[in-house]
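> coords.cif is reproduced below (mmCIF, C-alpha atoms).
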data_upload
#
loop_
_atom_site.label_atom_id
_atom_site.label_comp_id
_atom_site.auth_asym_id
_atom_site.auth_seq_id
_atom_site.Cartn_x
_atom_site.Cartn_y
_atom_site.Cartn_z
CA MET A 242 -6.24 -38.17 19.81
CA ALA A 243 -5.86 -34.67 21.24
CA LEU A 244 -2.16 -35.32 21.77
CA ILE A 245 -1.60 -36.01 18.10
CA ARG A 246 -1.05 -32.76 16.30
CA SER A 247 -2.88 -32.64 13.02
CA VAL A 248 -1.12 -32.13 9.71
CA PHE A 249 -3.28 -29.06 9.31
CA GLN A 250 -2.02 -27.53 12.57
CA ASP A 251 1.56 -28.19 11.47
CA GLU A 252 0.85 -26.44 8.19
CA LEU A 253 -0.60 -23.41 9.99
CA ASP A 254 2.46 -23.24 12.25
CA SER A 255 4.75 -23.47 9.27
CA VAL A 256 2.95 -20.54 7.58
CA SER A 257 3.26 -18.53 10.76
CA GLN A 258 6.98 -19.32 10.98
CA SER A 259 7.46 -18.25 7.35
CA LEU A 260 5.81 -14.91 8.11
CA VAL A 261 8.17 -14.47 11.07
CA ASP A 262 11.10 -15.24 8.74
CA LEU A 263 9.76 -12.69 6.28
CA THR A 264 9.55 -10.13 9.10
CA ALA A 265 13.24 -10.73 9.88
CA MET A 266 14.18 -10.29 6.21
CA VAL A 267 12.24 -7.03 5.98
CA SER A 268 13.73 -5.74 9.24
CA THR A 269 17.28 -6.42 8.01
CA SER A 270 16.44 -4.70 4.75
CA MET A 271 15.24 -1.53 6.49
CA LEU A 272 18.21 -1.58 8.90
CA ASN A 273 20.62 -1.81 5.97
CA ALA A 274 18.75 0.80 3.94
CA THR A 275 18.98 3.25 6.85
CA THR A 276 22.69 2.55 7.35
CA ALA A 277 23.26 2.91 3.59
CA ILE A 278 21.56 6.30 3.44
CA LEU A 279 23.27 7.62 6.58
CA THR A 280 26.77 6.45 5.65
CA CYS A 281 26.50 6.85 1.84
CA ASP A 282 27.30 3.16 1.49
CA LEU A 283 26.62 2.33 -2.17
CA LYS A 284 27.42 -1.36 -1.80
CA LEU A 285 24.94 -1.74 1.05
CA ALA A 286 22.31 0.22 -0.89
CA GLU A 287 22.76 -2.16 -3.83
CA GLU A 288 22.40 -5.10 -1.44
CA VAL A 289 19.09 -3.75 -0.12
CA ILE A 290 17.84 -3.19 -3.67
CA ALA A 291 18.82 -6.73 -4.68
CA SER A 292 17.30 -8.30 -1.57
CA ASP A 293 13.84 -6.98 -2.47
CA GLU A 294 13.47 -9.67 -5.12
CA LYS A 295 14.26 -12.38 -2.56
CA ILE A 296 11.61 -10.94 -0.23
CA ASP A 297 9.07 -10.85 -3.09
CA ASP A 298 9.85 -14.44 -4.10
CA PHE A 299 9.61 -15.67 -0.54
CA GLN A 300 6.27 -13.92 -0.05
CA HIS A 301 4.88 -15.40 -3.27
CA GLU A 302 5.96 -18.84 -2.12
CA VAL A 303 4.20 -18.37 1.26
CA ASP A 304 1.13 -17.04 -0.56
CA SER A 305 0.92 -20.10 -2.82
CA ARG A 306 1.35 -22.36 0.16
CA ILE A 307 -1.55 -20.68 2.00
CA ILE A 308 -3.88 -20.93 -1.00
CA ASP A 309 -2.90 -24.56 -1.41
CA ILE A 310 -3.74 -25.25 2.26
CA ILE A 311 -7.15 -23.62 1.84
CA ALA A 312 -7.84 -25.66 -1.31
CA ARG A 313 -6.77 -29.00 0.19
CA GLN A 314 -7.94 -28.69 3.80
CA GLN A 315 -11.21 -26.81 3.26
CA PRO A 316 -10.81 -25.31 6.72
CA VAL A 317 -13.64 -24.33 9.06
CA ALA A 318 -14.53 -20.63 9.19
CA SER A 319 -12.16 -19.67 12.04
CA ASP A 320 -9.15 -21.39 10.45
CA LEU A 321 -10.06 -19.89 7.09
CA ARG A 322 -10.04 -16.44 8.68
CA ALA A 323 -6.56 -17.11 10.11
CA LEU A 324 -5.32 -18.17 6.69
CA VAL A 325 -6.82 -15.16 4.91
CA THR A 326 -5.22 -12.97 7.59
CA ALA A 327 -1.89 -14.67 6.88
CA LEU A 328 -2.29 -13.77 3.18
CA ARG A 329 -2.83 -10.15 4.17
CA MET A 330 0.12 -10.10 6.55
CA GLY A 331 2.27 -11.43 3.72
CA SER A 332 1.14 -8.52 1.51
CA ASP A 333 1.94 -6.03 4.27
CA LEU A 334 5.42 -7.50 4.71
CA GLU A 335 6.07 -7.53 0.97
CA ARG A 336 5.14 -3.84 0.85
CA MET A 337 7.44 -3.10 3.81
CA GLY A 338 10.21 -4.70 1.78
CA ASP A 339 9.35 -2.37 -1.14
CA LEU A 340 9.59 0.66 1.12
CA ALA A 341 13.04 -0.39 2.42
CA HIS A 342 13.97 -0.82 -1.25
CA HIS A 343 12.79 2.75 -1.96
CA VAL A 344 15.02 4.07 0.86
CA GLY A 345 17.92 2.10 -0.66
CA LYS A 346 17.19 3.64 -4.07
CA ILE A 347 17.38 7.20 -2.74
CA ALA A 348 20.75 6.31 -1.11
CA ARG A 349 21.99 5.01 -4.48
CA LEU A 350 20.57 7.94 -6.46
CA ARG A 351 22.40 10.54 -4.36
CA HIS A 352 25.66 8.63 -3.89
CA PRO A 353 28.43 9.79 -3.41
CA GLN A 354 26.52 12.71 -1.91
CA SER A 355 24.37 12.10 1.15
CA ALA A 356 20.60 12.48 0.76
CA VAL A 357 20.41 13.42 4.45
CA PRO A 358 21.90 16.74 5.61
CA PRO A 359 23.67 16.79 9.02
CA GLU A 360 20.78 18.41 10.93
CA LEU A 361 18.50 15.54 9.96
CA THR A 362 20.88 12.64 10.58
CA ASP A 363 19.52 12.06 14.08
CA VAL A 364 15.89 12.09 12.95
CA ILE A 365 16.48 9.60 10.12
CA LYS A 366 18.57 7.45 12.46
CA ALA A 367 15.72 7.46 14.98
CA MET A 368 13.17 6.65 12.25
CA GLY A 369 15.33 3.74 11.15
CA SER A 370 15.66 2.45 14.72
CA ALA A 371 11.92 2.82 15.30
CA ALA A 372 11.24 0.93 12.05
CA VAL A 373 13.48 -1.98 13.07
CA ARG A 374 12.08 -2.06 16.62
CA ILE A 375 8.51 -2.08 15.27
CA THR A 376 9.28 -4.85 12.78
CA ASP A 377 10.99 -7.02 15.37
CA LYS A 378 8.04 -6.65 17.75
CA THR A 379 5.70 -7.46 14.87
CA GLY A 380 7.60 -10.72 14.37
CA VAL A 381 7.05 -11.56 18.05
CA VAL A 382 3.35 -10.66 17.71
CA ILE A 383 2.95 -13.02 14.74
CA SER A 384 4.85 -15.78 16.52
CA THR A 385 3.34 -15.53 20.03
CA ARG A 386 0.01 -13.75 19.37
CA ASP A 387 0.89 -11.52 22.33
CA THR A 388 -1.81 -8.83 22.35
CA GLU A 389 0.11 -6.62 24.81
CA MET A 390 2.99 -6.51 22.37
CA ALA A 391 0.51 -5.75 19.56
CA LEU A 392 -0.57 -2.64 21.48
CA GLN A 393 3.09 -1.67 21.97
CA VAL A 394 3.52 -1.66 18.19
CA GLU A 395 0.80 1.01 18.03
CA GLN A 396 2.70 3.12 20.58
CA ASP A 397 5.94 2.73 18.64
CA ASP A 398 4.07 3.92 15.59
CA ASP A 399 3.01 7.07 17.47
CA GLU A 400 6.71 7.67 18.05
CA MET A 401 7.33 7.25 14.31
CA ASP A 402 4.60 9.79 13.56
CA ASP A 403 6.25 12.24 16.00
CA LEU A 404 9.57 11.78 14.24
CA HIS A 405 7.88 12.31 10.89
CA ARG A 406 6.37 15.60 12.11
CA LYS A 407 9.79 16.63 13.45
CA LEU A 408 11.32 15.90 10.05
CA ILE A 409 8.77 18.03 8.20
CA GLY A 410 9.24 20.73 10.86
CA VAL A 411 12.95 20.96 9.99
CA LEU A 412 12.25 21.08 6.25
CA ILE A 413 9.86 24.03 6.49
CA LYS A 414 12.07 26.12 8.82
CA PRO A 415 13.07 29.42 7.20
CA THR A 416 16.69 28.44 7.96
CA TRP A 417 16.53 25.37 5.66
CA LYS A 418 19.48 25.80 3.29
CA HIS A 419 19.68 22.52 1.39
CA GLY A 420 17.31 23.40 -1.41
CA ILE A 421 14.22 21.83 -2.90
CA GLU A 422 15.72 18.62 -4.25
CA THR A 423 16.96 17.54 -0.80
CA ALA A 424 13.61 18.56 0.70
CA ILE A 425 11.85 16.33 -1.86
CA ASP A 426 14.13 13.40 -0.97
CA LEU A 427 13.45 13.92 2.73
CA THR A 428 9.70 14.27 2.20
CA LEU A 429 9.68 10.93 0.38
CA LEU A 430 11.99 9.29 2.94
CA GLY A 431 9.71 10.43 5.75
CA ARG A 432 6.73 9.03 3.90
CA TYR A 433 8.48 5.68 3.33
CA TYR A 434 9.32 5.20 7.01
CA GLU A 435 5.85 6.26 8.06
CA ARG A 436 4.13 3.89 5.63
CA TYR A 437 6.50 1.10 6.62
CA ALA A 438 5.43 1.48 10.26
CA ASP A 439 1.76 1.70 9.22
CA HIS A 440 2.01 -1.75 7.64
CA ALA A 441 3.56 -3.16 10.83
CA VAL A 442 0.66 -1.67 12.79
CA SER A 443 -1.75 -3.19 10.32
CA ILE A 444 -0.20 -6.65 10.92
CA SER A 445 -0.38 -6.23 14.70
CA ARG A 446 -4.01 -5.16 14.46
CA ARG A 447 -4.83 -8.21 12.36
CA VAL A 448 -3.30 -10.49 15.00
CA TYR A 449 -5.06 -8.59 17.80
CA PHE A 450 -8.36 -9.05 16.01
CA LEU A 451 -7.75 -12.76 15.36
CA VAL A 452 -7.01 -13.35 19.06
CA THR A 453 -9.58 -11.09 20.71
CA GLY A 454 -12.28 -10.66 18.05
CA LYS A 455 -12.04 -6.93 18.79
CA TYR A 456 -10.38 -4.00 17.03
CA SER A 457 -7.43 -2.55 18.92
CA GLU A 458 -8.29 1.06 18.09
CA MET B 277 -28.17 -28.78 -16.45
CA ALA B 278 -25.57 -26.62 -18.14
CA LEU B 279 -28.23 -24.00 -18.77
CA ILE B 280 -28.98 -23.64 -15.10
CA ARG B 281 -26.58 -21.17 -13.55
CA SER B 282 -25.28 -22.32 -10.20
CA VAL B 283 -25.78 -20.35 -7.00
CA PHE B 284 -22.02 -20.28 -6.76
CA GLN B 285 -21.64 -18.63 -10.18
CA ASP B 286 -24.24 -16.04 -9.20
CA GLU B 287 -22.28 -15.32 -6.04
CA LEU B 288 -19.04 -14.88 -7.99
CA ASP B 289 -20.78 -12.50 -10.41
CA SER B 290 -22.18 -10.52 -7.52
CA VAL B 291 -18.70 -10.14 -5.99
CA SER B 292 -17.37 -9.00 -9.34
CA GLN B 293 -20.20 -6.45 -9.65
CA SER B 294 -19.46 -5.14 -6.15
CA LEU B 295 -15.82 -4.61 -7.11
CA VAL B 296 -16.96 -2.69 -10.20
CA ASP B 297 -19.21 -0.58 -7.94
CA LEU B 298 -16.25 0.03 -5.63
CA THR B 299 -14.18 1.10 -8.65
CA ALA B 300 -16.84 3.69 -9.53
CA MET B 301 -16.88 5.01 -5.93
CA VAL B 302 -13.10 5.35 -5.90
CA SER B 303 -13.06 7.02 -9.32
CA THR B 304 -15.62 9.60 -8.19
CA SER B 305 -13.61 10.21 -5.05
CA MET B 306 -10.41 10.93 -7.00
CA LEU B 307 -12.29 13.10 -9.50
CA ASN B 308 -13.77 15.17 -6.68
CA ALA B 309 -10.47 15.34 -4.79
CA THR B 310 -8.75 16.70 -7.89
CA THR B 311 -11.50 19.27 -8.49
CA ALA B 312 -11.38 20.25 -4.80
CA ILE B 313 -7.63 20.85 -4.85
CA LEU B 314 -7.69 22.74 -8.17
CA THR B 315 -10.65 24.98 -7.28
CA CYS B 316 -10.01 25.31 -3.50
CA ASP B 317 -13.46 23.84 -2.89
CA LEU B 318 -13.58 23.11 0.85
CA LYS B 319 -17.05 21.57 0.75
CA LEU B 320 -16.03 19.13 -1.95
CA ALA B 321 -12.82 18.28 -0.07
CA GLU B 322 -14.89 17.50 3.04
CA GLU B 323 -17.16 15.31 0.91
CA VAL B 324 -14.19 13.32 -0.38
CA ILE B 325 -12.86 12.92 3.16
CA ALA B 326 -16.27 11.73 4.43
CA SER B 327 -16.79 9.34 1.52
CA ASP B 328 -13.66 7.36 2.45
CA GLU B 329 -15.52 5.72 5.32
CA LYS B 330 -18.26 4.59 2.95
CA ILE B 331 -15.65 3.09 0.64
CA ASP B 332 -13.99 1.30 3.57
CA ASP B 333 -17.30 -0.05 4.86
CA PHE B 334 -18.31 -1.25 1.41
CA GLN B 335 -14.95 -2.98 0.93
CA HIS B 336 -15.21 -4.70 4.33
CA GLU B 337 -18.66 -5.93 3.41
CA VAL B 338 -17.40 -7.35 0.08
CA ASP B 339 -14.45 -8.92 1.92
CA SER B 340 -16.72 -10.69 4.42
CA ARG B 341 -18.92 -11.89 1.60
CA ILE B 342 -15.94 -13.41 -0.25
CA ILE B 343 -14.66 -15.21 2.87
CA ASP B 344 -18.16 -16.47 3.54
CA ILE B 345 -18.39 -17.86 -0.03
CA ILE B 346 -15.04 -19.65 0.39
CA ALA B 347 -16.15 -21.12 3.73
CA ARG B 348 -19.55 -22.32 2.48
CA GLN B 349 -18.79 -23.36 -1.09
CA GLN B 350 -15.33 -24.89 -0.58
CA PRO B 351 -14.49 -23.97 -4.16
CA VAL B 352 -12.13 -25.90 -6.45
CA ALA B 353 -8.61 -24.49 -6.84
CA SER B 354 -9.34 -22.25 -9.85
CA ASP B 355 -12.43 -20.68 -8.27
CA LEU B 356 -10.54 -20.26 -5.01
CA ARG B 357 -7.83 -18.36 -6.86
CA ALA B 358 -10.44 -16.07 -8.40
CA LEU B 359 -11.91 -15.39 -4.95
CA VAL B 360 -8.51 -14.71 -3.36
CA THR B 361 -7.77 -12.38 -6.27
CA ALA B 362 -11.07 -10.60 -5.56
CA LEU B 363 -9.97 -10.09 -1.94
CA ARG B 364 -6.75 -8.50 -3.18
CA MET B 365 -8.52 -6.29 -5.69
CA GLY B 366 -10.75 -5.09 -2.85
CA SER B 367 -7.64 -4.14 -0.84
CA ASP B 368 -6.21 -2.27 -3.83
CA LEU B 369 -9.45 -0.34 -4.29
CA GLU B 370 -9.70 0.48 -0.60
CA ARG B 371 -6.15 1.87 -0.75
CA MET B 372 -7.02 3.92 -3.85
CA GLY B 373 -9.85 5.42 -1.81
CA ASP B 374 -7.35 6.30 0.94
CA LEU B 375 -5.13 8.06 -1.57
CA ALA B 376 -8.04 10.14 -2.93
CA HIS B 377 -8.80 10.96 0.71
CA HIS B 378 -5.17 12.13 1.19
CA VAL B 379 -5.54 14.47 -1.81
CA GLY B 380 -8.75 15.81 -0.27
CA LYS B 381 -6.94 16.39 3.02
CA ILE B 382 -4.22 18.50 1.41
CA ALA B 383 -6.96 20.57 -0.28
CA ARG B 384 -8.62 21.11 3.11
CA LEU B 385 -5.33 21.83 4.91
CA ARG B 386 -4.36 24.63 2.52
CA HIS B 387 -7.84 26.14 2.07
CA PRO B 388 -8.54 29.02 1.36
CA GLN B 389 -5.12 29.01 -0.30
CA SER B 390 -4.49 26.67 -3.19
CA ALA B 391 -1.97 23.87 -2.67
CA VAL B 392 -1.25 23.97 -6.40
CA PRO B 393 0.53 27.00 -7.89
CA PRO B 394 -0.60 28.18 -11.36
CA GLU B 395 2.34 26.63 -13.27
CA LEU B 396 1.38 23.18 -11.96
CA THR B 397 -2.39 23.38 -12.44
CA ASP B 398 -2.21 21.66 -15.84
CA VAL B 399 -0.02 18.83 -14.55
CA ILE B 400 -2.26 18.08 -11.56
CA LYS B 401 -5.32 18.34 -13.81
CA ALA B 402 -3.76 15.83 -16.19
CA MET B 403 -2.81 13.51 -13.30
CA GLY B 404 -6.39 13.67 -12.03
CA SER B 405 -7.77 12.90 -15.51
CA ALA B 406 -5.31 10.03 -15.95
CA ALA B 407 -6.31 8.65 -12.54
CA VAL B 408 -10.01 8.70 -13.42
CA ARG B 409 -9.42 7.22 -16.89
CA ILE B 410 -7.28 4.44 -15.38
CA THR B 411 -9.88 3.65 -12.72
CA ASP B 412 -12.74 3.57 -15.19
CA LYS B 413 -10.82 1.20 -17.46
CA THR B 414 -9.99 -0.93 -14.43
CA GLY B 415 -13.71 -1.23 -13.75
CA VAL B 416 -14.24 -2.48 -17.31
CA VAL B 417 -11.32 -4.91 -16.90
CA ILE B 418 -12.89 -6.37 -13.74
CA SER B 419 -16.30 -6.56 -15.36
CA THR B 420 -15.36 -7.94 -18.80
CA ARG B 421 -11.95 -9.55 -18.15
CA ASP B 422 -10.79 -7.78 -21.31
CA THR B 423 -7.03 -8.44 -21.44
CA GLU B 424 -6.46 -5.80 -24.16
CA MET B 425 -7.94 -3.18 -21.84
CA ALA B 426 -5.76 -4.52 -18.99
CA LEU B 427 -2.70 -3.76 -21.12
CA GLN B 428 -4.07 -0.28 -21.85
CA VAL B 429 -4.15 0.41 -18.12
CA GLU B 430 -0.39 -0.25 -18.05
CA GLN B 431 0.09 2.30 -20.85
CA ASP B 432 -2.03 4.86 -19.04
CA ASP B 433 0.15 4.29 -16.00
CA ASP B 434 3.26 5.10 -18.09
CA GLU B 435 1.56 8.39 -18.87
CA MET B 436 1.00 8.96 -15.15
CA ASP B 437 4.68 8.29 -14.49
CA ASP B 438 5.62 10.85 -17.19
CA LEU B 439 3.36 13.44 -15.56
CA HIS B 440 4.92 12.63 -12.19
CA ARG B 441 8.42 13.23 -13.60
CA LYS B 442 7.19 16.48 -15.17
CA LEU B 443 5.85 17.58 -11.79
CA ILE B 444 9.15 16.90 -10.00
CA GLY B 445 10.96 18.65 -12.89
CA VAL B 446 9.00 21.85 -12.22
CA LEU B 447 9.66 21.66 -8.46
CA ILE B 448 13.45 21.42 -8.85
CA LYS B 449 13.75 24.22 -11.44
CA PRO B 450 15.90 27.09 -10.14
CA THR B 451 12.98 29.39 -10.97
CA TRP B 452 10.67 27.68 -8.40
CA LYS B 453 9.39 30.50 -6.20
CA HIS B 454 6.69 28.90 -4.05
CA GLY B 455 8.91 27.73 -1.24
CA ILE B 456 9.50 24.44 0.51
CA GLU B 457 6.07 23.89 2.04
CA THR B 458 4.34 23.99 -1.35
CA ALA B 459 7.06 21.74 -2.78
CA ILE B 460 6.39 19.23 0.02
CA ASP B 461 2.64 19.31 -0.73
CA LEU B 462 3.30 18.76 -4.42
CA THR B 463 5.79 15.96 -3.75
CA LEU B 464 3.17 14.17 -1.68
CA LEU B 465 0.39 14.87 -4.18
CA GLY B 466 2.54 13.46 -6.98
CA ARG B 467 3.21 10.38 -4.89
CA TYR B 468 -0.51 9.90 -4.12
CA TYR B 469 -1.53 10.00 -7.80
CA GLU B 470 1.32 7.72 -8.77
CA ARG B 471 0.51 5.13 -6.07
CA TYR B 472 -3.19 5.35 -6.95
CA ALA B 473 -2.40 4.42 -10.56
CA ASP B 474 -0.04 1.65 -9.38
CA HIS B 475 -2.92 0.00 -7.53
CA ALA B 476 -5.10 0.17 -10.66
CA VAL B 477 -2.27 -1.48 -12.61
CA SER B 478 -2.01 -4.11 -9.93
CA ILE B 479 -5.73 -4.91 -10.32
CA SER B 480 -5.45 -5.12 -14.10
CA ARG B 481 -2.45 -7.42 -13.79
CA ARG B 482 -4.35 -9.68 -11.42
CA VAL B 483 -7.21 -9.98 -13.92
CA TYR B 484 -4.75 -10.53 -16.78
CA PHE B 485 -3.11 -13.33 -14.82
CA LEU B 486 -6.45 -14.93 -13.92
CA VAL B 487 -7.51 -14.99 -17.56
CA THR B 488 -4.25 -15.91 -19.30
CA GLY B 489 -2.22 -17.61 -16.55
CA LYS B 490 0.65 -15.31 -17.59
CA TYR B 491 2.11 -12.11 -16.16
CA SER B 492 1.47 -9.06 -18.31
CA GLU B 493 4.94 -7.57 -17.77
#
Just give me the structure as structure tokens.


Amino acid sequence: MALIRSVFQDELDSVSQSLVDLTAMVSTSMLNATTAILTCDLKLAEEVIASDEKIDDFQHEVDSRIIDIIARQQPVASDLRALVTALRMGSDLERMGDLAHHVGKIARLRHPQSAVPPELTDVIKAMGSAAVRITDKTGVVISTRDTEMALQVEQDDDEMDDLHRKLIGVLIKPTWKHGIETAIDLTLLGRYYERYADHAVSISRRVYFLVTGKYSE
Amino acid sequence: MALIRSVFQDELDSVSQSLVDLTAMVSTSMLNATTAILTCDLKLAEEVIASDEKIDDFQHEVDSRIIDIIARQQPVASDLRALVTALRMGSDLERMGDLAHHVGKIARLRHPQSAVPPELTDVIKAMGSAAVRITDKTGVVISTRDTEMALQVEQDDDEMDDLHRKLIGVLIKPTWKHGIETAIDLTLLGRYYERYADHAVSISRRVYFLVTGKYSE
């Protein structure tokens, strides 16, 4: 009997795989949003904006599937906790998609100008890379439940926070010459990347807690 | 038999009441955060910051209670949906508490200076009032499932968006004389109030959907 995988286990695995797929979609979205804002690529910005609906639809579909599993299978407490956690991870990923969408919208709003002045190109590039790295690791964490990797996501988030501080540091320098409107854009951009990474951390913490029963903080 | 209320129904009502209580806590927190930032009241800012932990703890307790009800009662699909919705409303309220906390932190950071220059006092005051009004109505929506009131929350949110645009409009005026750092604070403050109201709208929409089976948009 133990060799026969249950339908329920297959359903859990399928939910997990869908969350990994969602992670990949969100990662691509943030990668493209960052490229769009750094290269003033309107077409790519439009693509990111359009892809948000696909991410939302996919997340709603996963959500419905999870609730349906709970209703039909009436899982024991530990499985129920895993399924509720999956619902929450879906919400985090959907929100990460929104934040990539917000970055895309700033790129579109300022086109054909660039929202990012030359002295901040490197910082935004680094924030974009950190975001993609964090999301990709988060996908591995969901898929493998690797708690070491979950802790790495926290470290990557510290790096994102450093970049965010660096960004604000440049904005408030007396030598800043790009005016208030650009500073507002950059303040919001910084916030979007930071929140994006926070949601990835939140997902990794949820997995860490599911596996170990302890909080990773 | 129909006159005897089930234990399950009592448990659902108790969850609903806890969410209403959480709404009141969050509303008070945003009210105090707004007063703290407008009057440079450090003590009140510290109070708001400290109260966030209470809000988080209370939400976690409600969360555990909901999961426990699902595990024990194995509810039918419609009740399960109501309980999952309650979990999500709890997350929204917890996040609203975080955003009030962020406002409190800006008040503390800038003390004894004010983060809000005189020409923006009225706008921030109005955003604070709108936030409290929206939260209080959201509490009534949770408690009574009044769909008319749920639609009112959407209208109040439009008002919040107008105030947000007004705020940004003042920041980008050529006559702005308070520098970049203050503009950054105000950009973030505007974002916090706007996101706060978005979460209230999200709660009202969830209730609207539960009651009518339709989306309110």

> Give as a PyMOL selection string the residues that the PyMOL selection byres ((chain B) within 10 of (chain A)) matches when applied to the coordinates above.

chain B and resi 340+343-344+346-357+360+363-364+367+444-445+447-450+452+455-464+467

> Quote the spacing between CA of Leu283 (chain A) and CA of Ser259 (chain A) in Å to one decimal place.

29.7 Å

> What gap, in Å, lies between CA of Ser478 (chain B) and CA of Thr310 (chain B)?

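Interatomic distance, CA of Ser478 (chain B) to CA of Thr310 (chain B): 22.0 Å.
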
> Could you check how far CA of Arg384 (chain B) sits from CA of His419 (chain A), in Å to one decimal?

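Distance reported for this atom pair: 28.4 Å.
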
> Determine the nearest neighbour of Thr361 (chain B) from the options B:Met436, B:Cys316, B:Ile418, B:Leu375, counting all atoms listed in the file.

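Smallest separation from Thr361 (chain B) among the options: B:Ile418.
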
> Give me the residues near Leu307 (chain B) as a PyMOL selection string, where near means some atom within 9 Å (using only C-alpha atoms) and where sequence neighbours in that chain fewer than 5 positions away do not count.

chain B and resi 302+312+376+404-405+407-408

> Can you spell out as a PyMOL selection string the set of residues that the PyMOL selection byres ((chain A and resi 299) around 12) selects in the structure I just provided?

chain A and resi 256+259-264+266-267+292-298+300-306+331-332+334-335+338

> Take the residues from that selection and put them in a file with C-alpha atoms, as a PDB file, in the frame of the given file.


ATOM      1  CA  VAL A 256       2.950 -20.540   7.580  1.00  0.00           C
ATOM      2  CA  SER A 259       7.460 -18.250   7.350  1.00  0.00           C
ATOM      3  CA  LEU A 260       5.810 -14.910   8.110  1.00  0.00           C
ATOM      4  CA  VAL A 261       8.170 -14.470  11.070  1.00  0.00           C
ATOM      5  CA  ASP A 262      11.100 -15.240   8.740  1.00  0.00           C
ATOM      6  CA  LEU A 263       9.760 -12.690   6.280  1.00  0.00           C
ATOM      7  CA  THR A 264       9.550 -10.130   9.100  1.00  0.00           C
ATOM      8  CA  MET A 266      14.180 -10.290   6.210  1.00  0.00           C
ATOM      9  CA  VAL A 267      12.240  -7.030   5.980  1.00  0.00           C
ATOM     10  CA  SER A 292      17.300  -8.300  -1.570  1.00  0.00           C
ATOM     11  CA  ASP A 293      13.840  -6.980  -2.470  1.00  0.00           C
ATOM     12  CA  GLU A 294      13.470  -9.670  -5.120  1.00  0.00           C
ATOM     13  CA  LYS A 295      14.260 -12.380  -2.560  1.00  0.00           C
ATOM     14  CA  ILE A 296      11.610 -10.940  -0.230  1.00  0.00           C
ATOM     15  CA  ASP A 297       9.070 -10.850  -3.090  1.00  0.00           C
ATOM     16  CA  ASP A 298       9.850 -14.440  -4.100  1.00  0.00           C
ATOM     17  CA  GLN A 300       6.270 -13.920  -0.050  1.00  0.00           C
ATOM     18  CA  HIS A 301       4.880 -15.400  -3.270  1.00  0.00           C
ATOM     19  CA  GLU A 302       5.960 -18.840  -2.120  1.00  0.00           C
ATOM     20  CA  VAL A 303       4.200 -18.370   1.260  1.00  0.00           C
ATOM     21  CA  ASP A 304       1.130 -17.040  -0.560  1.00  0.00           C
ATOM     22  CA  SER A 305       0.920 -20.100  -2.820  1.00  0.00           C
ATOM     23  CA  ARG A 306       1.350 -22.360   0.160  1.00  0.00           C
ATOM     24  CA  GLY A 331       2.270 -11.430   3.720  1.00  0.00           C
ATOM     25  CA  SER A 332       1.140  -8.520   1.510  1.00  0.00           C
ATOM     26  CA  LEU A 334       5.420  -7.500   4.710  1.00  0.00           C
ATOM     27  CA  GLU A 335       6.070  -7.530   0.970  1.00  0.00           C
ATOM     28  CA  GLY A 338      10.210  -4.700   1.780  1.00  0.00           C
TER      29      GLY A 338
END

> Kindly resolve the PyMOL selection byres ((chain A and resi 448) around 12) on the present coordinates and return the residues as a ChimeraX atom specification.

/A:257,322-327,329-330,379-392,394,441-447,449-457

> Please produce a file of those selected residues containing C-alpha atoms, as a short mmCIF file (atom, residue, chain, number, x, y, z; two decimals), in the coordinates of the input.


data_model
loop_
_atom_site.label_atom_id
_atom_site.label_comp_id
_atom_site.auth_asym_id
_atom_site.auth_seq_id
_atom_site.Cartn_x
_atom_site.Cartn_y
_atom_site.Cartn_z
CA SER A 257 3.26 -18.53 10.76
CA ARG A 322 -10.04 -16.44 8.68
CA ALA A 323 -6.56 -17.11 10.11
CA LEU A 324 -5.32 -18.17 6.69
CA VAL A 325 -6.82 -15.16 4.91
CA THR A 326 -5.22 -12.97 7.59
CA ALA A 327 -1.89 -14.67 6.88
CA ARG A 329 -2.83 -10.15 4.17
CA MET A 330 0.12 -10.10 6.55
CA THR A 379 5.70 -7.46 14.87
CA GLY A 380 7.60 -10.72 14.37
CA VAL A 381 7.05 -11.56 18.05
CA VAL A 382 3.35 -10.66 17.71
CA ILE A 383 2.95 -13.02 14.74
CA SER A 384 4.85 -15.78 16.52
CA THR A 385 3.34 -15.53 20.03
CA ARG A 386 0.01 -13.75 19.37
CA ASP A 387 0.89 -11.52 22.33
CA THR A 388 -1.81 -8.83 22.35
CA GLU A 389 0.11 -6.62 24.81
CA MET A 390 2.99 -6.51 22.37
CA ALA A 391 0.51 -5.75 19.56
CA LEU A 392 -0.57 -2.64 21.48
CA VAL A 394 3.52 -1.66 18.19
CA ALA A 441 3.56 -3.16 10.83
CA VAL A 442 0.66 -1.67 12.79
CA SER A 443 -1.75 -3.19 10.32
CA ILE A 444 -0.20 -6.65 10.92
CA SER A 445 -0.38 -6.23 14.70
CA ARG A 446 -4.01 -5.16 14.46
CA ARG A 447 -4.83 -8.21 12.36
CA TYR A 449 -5.06 -8.59 17.80
CA PHE A 450 -8.36 -9.05 16.01
CA LEU A 451 -7.75 -12.76 15.36
CA VAL A 452 -7.01 -13.35 19.06
CA THR A 453 -9.58 -11.09 20.71
CA GLY A 454 -12.28 -10.66 18.05
CA LYS A 455 -12.04 -6.93 18.79
CA TYR A 456 -10.38 -4.00 17.03
CA SER A 457 -7.43 -2.55 18.92
#

> What's around Phe284 (chain B) at 9 Å? Count all atoms listed in the file, leave out sequence neighbours fewer than 3 positions away in its own chain, and write the answer as a PyMOL selection string.

chain B and resi 281+287-289+345+349+351

> So that I can see what lies close to Ala438 (chain A), please list as a list of chain:residue names the residues with an atom at most 9 Å from it, counting only C-alpha atoms and leaving out residues fewer than 6 positions away in the same chain.

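Near Ala438 (chain A), the qualifying residues are A:Met337, A:Ala371, A:Ala372, A:Ile375, A:Thr376, A:Val394, A:Asp397, A:Asp398, A:Met401, A:Asp402.
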